[in-house]
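Reading through the structure tokens given below for one structure.
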Amino acid sequence: MTINKDFVMSVSSHSIQNQLDSSQGCQLTQIDHGKKRLTSKPGTQVVFKRTDQLTESEQQQMRDLFFRVFNKKMTKDAFERKFLYTPKGYSYHGLMLHEKTIVGASSAVPARYRFFGQEHIFALSVDTMIDPKHRGGCHLIKMINLVHQGLINDGISFIFGFPNEQFYAVQKRLLKYEDIGELDYYVLPLNIGSVFPKLKFLNVMSRGFCKITVRFCRIPKNSEAGRGITKVVDKQFERHRYDAGYSRIALGETAECIYKIYEEKDGIRTLYIIDVVPMTAASLARAVKQICRTAVKTVDIVIYVGKPASKPAGLWKAPDSKKPQRIRMTGKLLIPDVIDDSVFKMNNWNVNISDFDVR
């Protein structure tokens with residue numbers, strides 16, 4: 001099934017992709033694209049702090065900066081879940097100060113990962129942001145290098161992220177990050193009118209067709225995911241990653257699906273499959289079937305973003321030309337010889353939206 005441009009534009013308003021464009025990258029003017037380059041103001045310095053070293057005032061300043069840069073509010077609870085509910089009990093922050101006020105920041109959040117049977121703590125690059133009035137100079141690179149050094153000091157050997165287009169150029173050219181790969185979009189357009197507005201009158205028929213198609217999809221026999229790199233899902237991760245806005249569906253005694261529904265442009269209700277635990281081809285297929293049974297009348301489109309070994313049963317893969325946004329994954333080895341270059345091969349990763357800093 002071909003995914004129409006009308007569809008991919010419809011999921012770019014208040015969706016996960018829109019959030020990704022803010023929290024995973026930064027709005028920069030340091031890169032020369034033919035525009036006048038700004039210079040840093042006198043009295044500006046860069047410092048490093050862990051989250052547990054931040055004062056209440058500094059935490060508030062970071063939240064205020066987040067709002068100024070991304071036009072999105074971050075509550076105190078969200079800030080604490082994001083940066084304090086981690087395996088270390090804190091995260092890492094490079095801060096740009098102008099007259100003792102935070103005007104720039106770049107952060108990294110530690111997380112537990114299994115790397116071919118051995119557990120390591122990796123770090124996720126998040127929330128690189130600079131106040132528009134203070135952009136320019138070399139403070140951005142200094143902030144990020146301080147974060148890298150803080151990670152090294154704690155024995156964290158690898159940092160990765162999902163940069164937007166602008167920050168991707170910075171990572172590649174100036175920070176020497178390497179490509180890991182690009183995630184894919186898989187969709188189930190329950191209401192065909194949400195994809196082709198002129199066919200809205202066929203919504204009842206399309207829902208029935210999708211429901212029947214999913215019902216008769218075969219559950220894969222190969223239940224093991226077979227990926228060497230995967231996050232550790234425990235109570236700490238659950239507390240860090242999910243709030244009351246997420247819903248769950250039981251898939252058996254030990255399996256479950258986490259999802260979230262967003263209302264997009266033109267009132268289109270989009271259900272994002274955030275994660276399936278454990279993530280196997282069989283459990284993902286069961287999640288799609290269960291969602292179809294329970295949500296077929298309440299949502300218009302189901303989307304899963306990830307890099308599965310094969311196409312999830314019951315979903316259609318969106319062609320690259322129709323993706324709402326390219327989601328690249330990049331990384332950088334910080335400590336030699338702890339892990340090897342296999343970390344840069346996407347086929348080794350069990351990765352999806354749950355690995356992102358997306359709320």
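Each chain in the structure tokens gets a letter, A, B and so on, in the order shown; residues start at 1 in every chain, and ligands are counted from 1 in the order they appear.
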
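Omitting Phe116 (chain A) and its sequence neighbours fewer than 4 positions away, and counting only C-alpha atoms, the residues within 12 Å are His120, Gly226, Arg227, Gly228, Ile229, Thr230, Lys231, Ile339, Asp340, Ser342, Val343, Asn348, Trp349 and Asn350 of chain A.
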
Q.
So that I can check the secondary structure, give me every residue of region 137-216 of chain A assigned strand (DSSP E or B) by backbone DSSP, as a PyMOL selection string.
A. chain A and resi 158-161+178-182+184-189

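With only C-alpha atoms as the atoms that count, the residue of A:Thr294, A:Ser125, A:Gln149, A:Asn191 with the shortest distance to Asn164 (chain A) is A:Ser125.
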
Q.
If we count only C-alpha atoms and set the cut-off at 9 Å, which residues sit around region 203-211 of chain A, ignoring sequence neighbours fewer than 5 positions away in its own chain? Please answer as a PyMOL selection string.
A. chain A and resi 188-194+216+289+292-293+296-297+300+314

C-alpha atoms of the current selection, written as a CSV table (one decimal), in the first residue's frame:
```
chain,number,residue,atom,x,y,z
A,188,LEU,CA,-2.1,0.9,9.5
A,189,PRO,CA,-4.6,3.5,8.1
A,190,LEU,CA,-7.8,2.4,9.7
A,191,ASN,CA,-9.8,5.3,8.3
A,192,ILE,CA,-8.8,5.7,4.6
A,193,GLY,CA,-10.2,9.3,4.8
A,194,SER,CA,-7.3,10.2,7.1
A,216,PHE,CA,-5.8,-13.2,9.6
A,289,LYS,CA,-4.0,-7.5,16.6
A,292,CYS,CA,-7.2,-3.4,16.1
A,293,ARG,CA,-9.7,-5.2,18.3
A,296,VAL,CA,-10.5,0.4,15.7
A,297,LYS,CA,-13.4,2.7,16.4
A,300,ASP,CA,-7.7,6.8,12.5
A,314,GLY,CA,-0.5,-6.2,9.9
```

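In terms of minimum interatomic distance to Glu119 (chain A), A:Ile156 ranks closest within A:Ala282, A:Asp320, A:Asp77, A:Ile156, counting only C-alpha atoms.
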
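Take CA of Pro308 (chain A) and CA of Ala281 (chain A): the distance between them is 7.8 Å.
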
Q) Per DSSP on the backbone, what are the alpha helix (DSSP H) residues of region 119-347 of chain A, as a PyMOL selection string? A) chain A and resi 139-153+165-173+203-215+235-241+281-295
